[in-house]
Amino acid sequence: MTEVNSAADSGSYNPHKAEAEMQARWENEGTFQVTENSDKPKFYCLSMFPYPSGQLHMGHVRNYTLGDVIGRYQRLQGKNVLQPMGWDAFGLPAENAAIKNNVPPMKWTRENIAYMKRQLKSLGFAYDWSRELATCDPEYYRWEQWFFTRMFKRGLVYKKAALVNWDPVDQTVLANEQVIDGRGWRSNALVERRELAQWFVKITDYAEELLNCLDGLDGWPEKIKTMQRNWIGRSEGVELTFPIDADQGLEQQGLTVYTTRPDTLMGVTYVAVAAQHPIALKAAESDEKLKAFLEECNRVKVAEADMAKMEKLGMPTGYYVTHPLSGEKVQVWVANFVLIDYGSGAVMAVPGHDQRDWEFARKYDIPVKQVIAPAPGSNEICDLSKEAYVSKAGVCVNSGEFDGLDFPQAFGAVASALRAKGLGETQVNYRLRDWGVSRQRYWGCPIPIINCSQCGAVPVPEADLPVVLPTDVEFEGVGSPIKKMPQWYETTCPECGGAAERETDTFDTFMESSWYFARFASSGFAGGMVDERTRYWGTVDHYVGGEEHAILHLLYARFFHKVMRDEGLVEGDEPFKNLLSLGMVLKDGAKMSKSAGDAGDPQHLINTYGADAVRMAMMFAAPPEQSFEWSEHGVESAGRWLRTRLWNIVENHLAGGEVPALDKAALTEGQKDLRRLVHETIAKANDDYGRRLNFNTVVSSVMTLMNEVSRYDDESPQGRAVVNEALRAAVLIMEPITPHITEVLWEQLTGGSVYDASWPEVDEEALKKSAVEIVAQVNGKLRGRFEAPFDSDQDTLVAMAKEDENVQRFLEGMTVRKIICVPNKLINIVVSK
């Protein structure tokens with residue numbers, strides 16, 4: 001062990017020397033490489049892999065340190081731990097950098113990967129680098145393409161024209177969440193609405209299972225499960241049709257809507273359609289003002305989450321529909337709060353009982369009709385001059401045959417009436433929409449489809465996979481260069497042999513990150529997407545990542561896993577057993593980011609204070625799920641504690657010479673007290689590491705223990721034996737957080753490697769106190785305190801309590817009715833006259 005001990009040659013700990021030597025040893029010895037040939041229980045620990053943007057930021061450091069702490073703790077528990085790392089390498093930033101700097105995206109990406117890999121290694125993460133992958137490698141995306149062709153054959157993918165947000169500068173489709181105030185999130189260009197042919201994956205086929213399986217994810221934060229439930233958005237309602245008179249000249253014979261409140265149907269005073277709806281487009285042909293309004297609607301962000309905040313605007317179309325039950329004529333309006341992508345692109349409006357509809361009706365002087373009133377005896381108030389009455393606890397009024405019915409009764413009765421007329425039926429709907437996976441950019445996985453004029457869309461045969469993305473390309477502006485490369489996209493149809501063209505769109509990068517966890521388990525396998533090793537590793541035991549991925553990435557990964565299961569590729573219904581969702585690293589109250597120039601430079605901190613100090617400061621700052629303000633002062637303090645507290649106390653102890661064996665039977669009360677704190681610390685670490693995942697309190701409890709050791713001045717043989725036990729425990733407990741210094745100290749304390757060590761066991765006998773403080777109560781109120789022998793029985797505690805003068809005063813003249821005893825804590829004497 002001479003090399004590592006040289007970290008202390010100067011008399012004090014040199015973190016840079018020790019960390020470099022330790023990392024070299026781990027790499028040379030393959031310390032963290034694992035195989036499936038182990039008799040230990042498996043533990044698959046995975047942190048969401050990074051986009052190779054150029055350098056790590058403090059959010060990365062927090063994410064990967066947390067994952068590493070979990071993995072290292074499980075390894076000390078005797079598990080066979082897989083902790084891999086790779087790169088989510090496709091994406092728009094690489095393409096933009098290529099355009100800006102005239103550097104091929106592959107070259108830019110590979111250089112970034114090399115630099116970030118060195119940074120990850122410098123932090124001492126226990127990764128099995130032999131399983132490293134990058135999603136831009138053809139050997140990786142080959143199997144993604146293969147899987148897409150399998151989904152094609154299963155009927156889970158299709159192509160259709162869809163209205164999209166088009167960024168004219170970045171020349172690509174944007175998700176609704178990427179449009180900010182009508183402008184592209186990167187280019188700041190005014191976004192256009194275009195109709196483009198897009199490939200979709202039918203995630204909606206799995207909507208019910210995706211929803212139901214959330215109930216079994218006990219290891220997921222409830223907040224994340226709630227977000228996914230809301231995104232899937234299951235609702236029960238009625239789909240109904242408002243007939244359209246033929247004399248209006250419209251192609252449609254009826255306008256179909258979906259409602260979860262059929263009890264309010266008799267209160268409809270208008271219907272509203274999206275700006276892209278055929279009725280709106282027809283009306284705009286003869287109305288220039290309406291045409292201009294539709295164009296304005298097409299320029300604004302249409303994310304559903306923003307609808308509640310935006311001003312409600314609309315215009316009448318001049319058309320009307322017929323109420324399906326009353327037969328009354330109902331105006332058709334165009335409204336900016338109706339989305340063409342949700343449902344039929346039309347809604348029925350009940351301003352009396354929907355606040356959004358009420359605001360719109362008040363703005364445009366549309367009638368408001370009350371058809372629900374508070375139930376008799378209810379304290380609810382209905383004043384439609386002030387707001388809509390939206391409660392489901394009321395009863396129907398002004399609704400003809402439905403008057404007096406409550407919500408469940410009216411739901412069924414209205415649905416039956418519509419069904420009898422052939423104008424409606426109950427239906428379960430989902431907010432979730434099919435996943436549009438087409439992107440019009442270059443740096444992504446090619447979609448493995450050949451377009452033939454005779455045969456249509458034909459999947460690329462398995463023997464011809466992968467469809468390799470050309471990397472020797474030149475950019476002319478921001479358009480995808482492969483769209484201008486006939487030598488790449490011109491091909492022959494696999495079915496008829498005629499001239500055909502490859503699909504030139506590429507996949508949404510969420511496709512790559514939706515199955516990488518399974519590929520890590522089958523690293524290097526050339527014969528398929530996964531092999532039998534995936535069954536050994538099974539479900540990821542702990543998945544670690546930012547809360548910003550709560551919906552899309554996690555939902556898509558769950559969907560992929562279920563389809564892979566149905567293809568016989570994996571087992572189990574869910575990919576991630578436990579999920580640790582992180583809060584953000586903040587600066588001055590805002591999220592730190594590279595684009596803002598304040599993401600923090602971890603390399604500077606590592607170079608200045610050492611990796612262990614950075615790791616410890618990150619873990620000590622806050623519980624994982626909480627966001628926190630970042631400060632370099634925390635790293636400085638952590639480094640000082642490691643050098644001057646942990647290191648120096650161990651060195652001073654070792655300078656005292658040989659340590660005798662611990663004799664539990666020969667311990668003094670003072671020695672028992674310190675030993676009790678040692679095992680309380682171990683027990684707390686077990687709870688903090690294994691259940692609560694509060695690593696900040698692991699650090700604070702070890703600090704408390706080391707403070708007690710520093711004040712302990714018993715140099716007797718058994719005193720030194722207890723201190724030795726305390727130091728060994730402290731070093732092992734801190735190993736997952738500060739692995740470099742603890743490896744050095746463990747070798748000095750034991751002569752062996754921490755990676756051959758076992759986690760310290762809690763000695764239950766050591767936790768017992770010779771005496772404890774007991775709270776004495778009379779009728780639940782504090783009346784005294786006294787010390788009693790540990791584990792005293794109830795009769796003893798009652799007798800001792802009655803000896804207290806203040807307790808006696810409150811018992812005088814009273815009859816004891818009941819005794820409540822909490823062992824080693826409390827005795828409560830319940831009395832009355």
# chains A, B, ... in the order shown; residues from 1 in each chain; ligands from 1
>>> select_by_dssp(residues="region 395-585 of chain A", states="strand (DSSP E)", output="number ranges by chain")
A: 395-396, 424-430, 435-436, 438-439, 449-452, 456-459, 490-492, 499-502, 506-507, 540-546, 576-582, 585
>>> residues_around(residues="Leu469 (chain A)", least_positions_apart="3", cutoff="12 Å", atoms="only C-alpha atoms", output="PyMOL selection string")
chain A and resi 90+105-106+136-139+141-142+145+441-448+465-466+472-473+480-483+485+488-489+502-507
>>> select_by_dssp(residues="region 587-686 of chain A", states="alpha helix (DSSP H)", output="JSON, numbers by chain")
{"A": [602, 603, 604, 605, 606, 607, 608, 609, 611, 612, 613, 614, 615, 616, 617, 618, 619, 620, 621, 632, 633, 634, 635, 636, 637, 638, 639, 640, 641, 648, 649, 650, 651, 652, 653, 654, 669, 670, 671, 672, 673, 674, 675, 676, 677, 678, 679, 680, 681, 682, 683, 684, 685, 686]}
>>> residues_around(residues="Gly86 (chain A)", least_positions_apart="6", cutoff="10 Å", atoms="only C-alpha atoms", output="ChimeraX atom specification")
/A:47-52,113,117,127,129,131-135,516-517,520
>>> residues_around(residues="region 61-75 of chain A", least_positions_apart="4", cutoff="7 Å", atoms="only C-alpha atoms", output="list in words")
Cys45, Leu46, Ser47, His57, Lys79, Asn80, Val81, Gln83, Phe125, Ala126, Val544, Gly545, Arg615, Met618, Pro736 and Ile737 of chain A
>>> write_last_selection(atoms="N, CA and C atoms", output="tab-separated table (two decimals), in the first residue's frame")
chain	number	residue	atom	x	y	z
A	45	CYS	N	-27.79	0.11	-10.29
A	45	CYS	CA	-27.90	1.53	-9.93
A	45	CYS	C	-27.57	2.35	-11.17
A	46	LEU	N	-28.47	3.24	-11.57
A	46	LEU	CA	-28.29	3.99	-12.81
A	46	LEU	C	-28.67	5.44	-12.61
A	47	SER	N	-27.79	6.32	-13.05
A	47	SER	CA	-28.09	7.75	-13.11
A	47	SER	C	-28.33	8.14	-14.57
A	57	HIS	N	-21.54	20.38	-15.29
A	57	HIS	CA	-21.92	21.51	-14.46
A	57	HIS	C	-22.31	20.98	-13.08
A	79	LYS	N	-23.64	-6.44	-2.21
A	79	LYS	CA	-24.35	-6.62	-3.47
A	79	LYS	C	-23.37	-6.62	-4.66
A	80	ASN	N	-23.80	-7.26	-5.74
A	80	ASN	CA	-23.10	-7.20	-7.02
A	80	ASN	C	-23.66	-6.00	-7.77
A	81	VAL	N	-22.96	-4.88	-7.72
A	81	VAL	CA	-23.52	-3.60	-8.16
A	81	VAL	C	-23.07	-3.26	-9.57
A	83	GLN	N	-23.11	-0.24	-12.12
A	83	GLN	CA	-23.30	1.20	-12.25
A	83	GLN	C	-22.60	1.66	-13.54
A	125	PHE	N	-16.15	8.37	-9.53
A	125	PHE	CA	-17.39	7.60	-9.59
A	125	PHE	C	-17.08	6.13	-9.91
A	126	ALA	N	-17.82	5.24	-9.26
A	126	ALA	CA	-17.55	3.81	-9.37
A	126	ALA	C	-18.27	3.21	-10.57
A	544	VAL	N	-31.71	7.51	-10.83
A	544	VAL	CA	-31.46	8.84	-10.26
A	544	VAL	C	-31.45	9.88	-11.37
A	545	GLY	N	-32.19	10.96	-11.18
A	545	GLY	CA	-32.20	12.01	-12.19
A	545	GLY	C	-33.01	13.21	-11.77
A	615	ARG	N	-17.69	16.27	-3.49
A	615	ARG	CA	-18.74	15.27	-3.26
A	615	ARG	C	-19.40	15.48	-1.90
A	618	MET	N	-21.63	18.59	-1.77
A	618	MET	CA	-22.88	18.37	-2.49
A	618	MET	C	-23.87	17.56	-1.65
A	736	PRO	N	-19.02	5.84	0.88
A	736	PRO	CA	-19.82	6.14	-0.31
A	736	PRO	C	-19.75	7.61	-0.73
A	737	ILE	N	-19.55	8.51	0.24
A	737	ILE	CA	-19.54	9.94	-0.06
A	737	ILE	C	-18.15	10.43	-0.41
>>> residues_around(residues="region 760-770 of chain A", least_positions_apart="5", cutoff="10 Å", atoms="only C-alpha atoms", output="ChimeraX atom specification")
/A:76-77,664,669,672-684,686,725,728-730,732-733,787-791,824
>>> residues_around(residues="region 524-537 of chain A", least_positions_apart="5", cutoff="9 Å", atoms="only C-alpha atoms", output="MDAnalysis selection string")
chainID A and resid 36 42:44 82 131 139:140 142:144 146:147 518:519 569:571
>>> write_last_selection(atoms="C-alpha atoms", output="PDB file, in the first residue's frame")
ATOM      1  CA  GLU A  36     -23.234 -11.775 -14.097  1.00  0.00           C
ATOM      2  CA  LYS A  42     -27.585  -8.026  -7.873  1.00  0.00           C
ATOM      3  CA  PHE A  43     -28.158  -4.283  -7.587  1.00  0.00           C
ATOM      4  CA  TYR A  44     -28.540  -2.142 -10.719  1.00  0.00           C
ATOM      5  CA  LEU A  82     -23.797  -2.517 -11.789  1.00  0.00           C
ATOM      6  CA  ARG A 131     -20.076  -0.893 -20.682  1.00  0.00           C
ATOM      7  CA  GLU A 139     -24.004  -0.316 -33.186  1.00  0.00           C
ATOM      8  CA  TYR A 140     -26.324   1.283 -30.617  1.00  0.00           C
ATOM      9  CA  ARG A 142     -29.009  -0.149 -35.120  1.00  0.00           C
ATOM     10  CA  TRP A 143     -31.175  -1.874 -32.532  1.00  0.00           C
ATOM     11  CA  GLU A 144     -33.341   1.175 -32.010  1.00  0.00           C
ATOM     12  CA  TRP A 146     -34.727  -2.624 -35.561  1.00  0.00           C
ATOM     13  CA  PHE A 147     -37.154  -2.085 -32.688  1.00  0.00           C
ATOM     14  CA  ALA A 518     -31.478  -2.366 -21.105  1.00  0.00           C
ATOM     15  CA  ARG A 519     -28.531  -2.039 -23.482  1.00  0.00           C
ATOM     16  CA  LEU A 569     -36.974  -8.990 -24.854  1.00  0.00           C
ATOM     17  CA  VAL A 570     -37.256  -8.116 -21.149  1.00  0.00           C
ATOM     18  CA  GLU A 571     -39.166  -9.317 -18.133  1.00  0.00           C
TER      19      GLU A 571
END
>>> closest_residue(among="A:Val350, A:Gln253, A:Asp181, A:Ala275", to="Val321 (chain A)", atoms="only C-alpha atoms")
A:Gln253
>>> residues_around(residues="Glu567 (chain A)", least_positions_apart="4", cutoff="9 Å", atoms="only C-alpha atoms", output="ChimeraX atom specification")
/A:150,562-563
>>> closest_residue(among="A:Ala189, A:Val723, A:Pro494, A:Pro168", to="Pro459 (chain A)", atoms="only C-alpha atoms")
A:Pro494
>>> closest_residue(among="A:Val754, A:Glu773, A:Arg711, A:Gly610", to="Asn14 (chain A)", atoms="only C-alpha atoms")
A:Gly610
>>> decode(residues="region 440-451 of chain A", atoms="all heavy atoms", output="short mmCIF file (atom, residue, chain, number, x, y, z; two decimals), in the first residue's frame")
data_model
loop_
_atom_site.label_atom_id
_atom_site.label_comp_id
_atom_site.auth_asym_id
_atom_site.auth_seq_id
_atom_site.Cartn_x
_atom_site.Cartn_y
_atom_site.Cartn_z
N GLN A 440 -36.83 17.17 -38.17
CA GLN A 440 -36.34 17.55 -39.49
C GLN A 440 -34.87 17.98 -39.45
O GLN A 440 -34.40 18.66 -40.35
CB GLN A 440 -37.21 18.68 -40.05
CG GLN A 440 -38.61 18.25 -40.43
CD GLN A 440 -39.45 17.87 -39.22
OE1 GLN A 440 -39.47 18.59 -38.23
NE2 GLN A 440 -40.13 16.73 -39.30
N ARG A 441 -34.16 17.56 -38.40
CA ARG A 441 -32.76 17.92 -38.28
C ARG A 441 -31.86 16.73 -38.65
O ARG A 441 -32.31 15.59 -38.76
CB ARG A 441 -32.45 18.38 -36.84
CG ARG A 441 -33.20 19.63 -36.44
CD ARG A 441 -32.96 20.81 -37.37
NE ARG A 441 -31.57 21.23 -37.38
CZ ARG A 441 -31.10 22.31 -36.77
NH1 ARG A 441 -31.91 23.08 -36.09
NH2 ARG A 441 -29.83 22.62 -36.84
N TYR A 442 -30.58 17.04 -38.79
CA TYR A 442 -29.61 16.03 -39.25
C TYR A 442 -29.12 15.13 -38.12
O TYR A 442 -29.11 13.91 -38.25
CB TYR A 442 -28.44 16.73 -39.91
CG TYR A 442 -27.15 15.93 -39.89
CD1 TYR A 442 -26.98 14.84 -40.74
CD2 TYR A 442 -26.11 16.26 -39.02
CE1 TYR A 442 -25.81 14.08 -40.71
CE2 TYR A 442 -24.94 15.52 -39.00
CZ TYR A 442 -24.79 14.43 -39.84
OH TYR A 442 -23.65 13.69 -39.81
N TRP A 443 -28.67 15.72 -37.01
CA TRP A 443 -27.93 14.97 -36.00
C TRP A 443 -28.88 14.14 -35.12
O TRP A 443 -29.23 14.50 -34.01
CB TRP A 443 -27.07 15.91 -35.16
CG TRP A 443 -26.11 15.24 -34.22
CD1 TRP A 443 -26.03 15.40 -32.88
CD2 TRP A 443 -25.08 14.29 -34.55
NE1 TRP A 443 -25.03 14.63 -32.34
CE2 TRP A 443 -24.43 13.94 -33.36
CE3 TRP A 443 -24.65 13.70 -35.75
CZ2 TRP A 443 -23.37 13.04 -33.31
CZ3 TRP A 443 -23.59 12.80 -35.71
CH2 TRP A 443 -22.97 12.48 -34.50
N GLY A 444 -29.28 13.02 -35.67
CA GLY A 444 -30.17 12.11 -34.98
C GLY A 444 -30.15 10.76 -35.68
O GLY A 444 -29.51 10.58 -36.72
N CYS A 445 -30.83 9.81 -35.10
CA CYS A 445 -30.89 8.46 -35.68
C CYS A 445 -31.83 8.46 -36.89
O CYS A 445 -32.99 8.85 -36.77
CB CYS A 445 -31.39 7.48 -34.63
SG CYS A 445 -31.74 5.83 -35.26
N PRO A 446 -31.36 8.02 -38.07
CA PRO A 446 -32.25 7.95 -39.24
C PRO A 446 -33.44 7.04 -38.99
O PRO A 446 -33.31 5.96 -38.40
CB PRO A 446 -31.33 7.39 -40.34
CG PRO A 446 -29.94 7.73 -39.90
CD PRO A 446 -29.98 7.63 -38.41
N ILE A 447 -34.60 7.48 -39.44
CA ILE A 447 -35.81 6.66 -39.32
C ILE A 447 -35.73 5.56 -40.39
O ILE A 447 -35.61 5.85 -41.58
CB ILE A 447 -37.07 7.52 -39.49
CG1 ILE A 447 -37.15 8.55 -38.36
CG2 ILE A 447 -38.32 6.65 -39.52
CD1 ILE A 447 -38.32 9.50 -38.46
N PRO A 448 -35.80 4.29 -40.01
CA PRO A 448 -35.54 3.18 -40.96
C PRO A 448 -36.75 2.84 -41.84
O PRO A 448 -37.30 1.74 -41.77
CB PRO A 448 -35.18 2.03 -40.01
CG PRO A 448 -36.01 2.29 -38.80
CD PRO A 448 -36.04 3.79 -38.65
N ILE A 449 -37.14 3.80 -42.64
CA ILE A 449 -38.27 3.63 -43.54
C ILE A 449 -37.86 4.03 -44.96
O ILE A 449 -37.13 5.01 -45.15
CB ILE A 449 -39.47 4.49 -43.09
CG1 ILE A 449 -40.02 3.99 -41.75
CG2 ILE A 449 -40.57 4.51 -44.16
CD1 ILE A 449 -40.68 2.61 -41.81
N ILE A 450 -38.31 3.25 -45.92
CA ILE A 450 -38.10 3.56 -47.34
C ILE A 450 -39.45 3.90 -47.94
O ILE A 450 -40.42 3.15 -47.79
CB ILE A 450 -37.44 2.38 -48.08
CG1 ILE A 450 -36.01 2.19 -47.56
CG2 ILE A 450 -37.45 2.60 -49.58
CD1 ILE A 450 -35.34 0.94 -48.08
N ASN A 451 -39.54 5.05 -48.59
CA ASN A 451 -40.78 5.51 -49.19
C ASN A 451 -40.80 5.14 -50.67
O ASN A 451 -39.96 5.59 -51.45
CB ASN A 451 -40.92 7.02 -49.01
CG ASN A 451 -41.01 7.41 -47.53
OD1 ASN A 451 -41.85 6.89 -46.81
ND2 ASN A 451 -40.13 8.31 -47.11
#
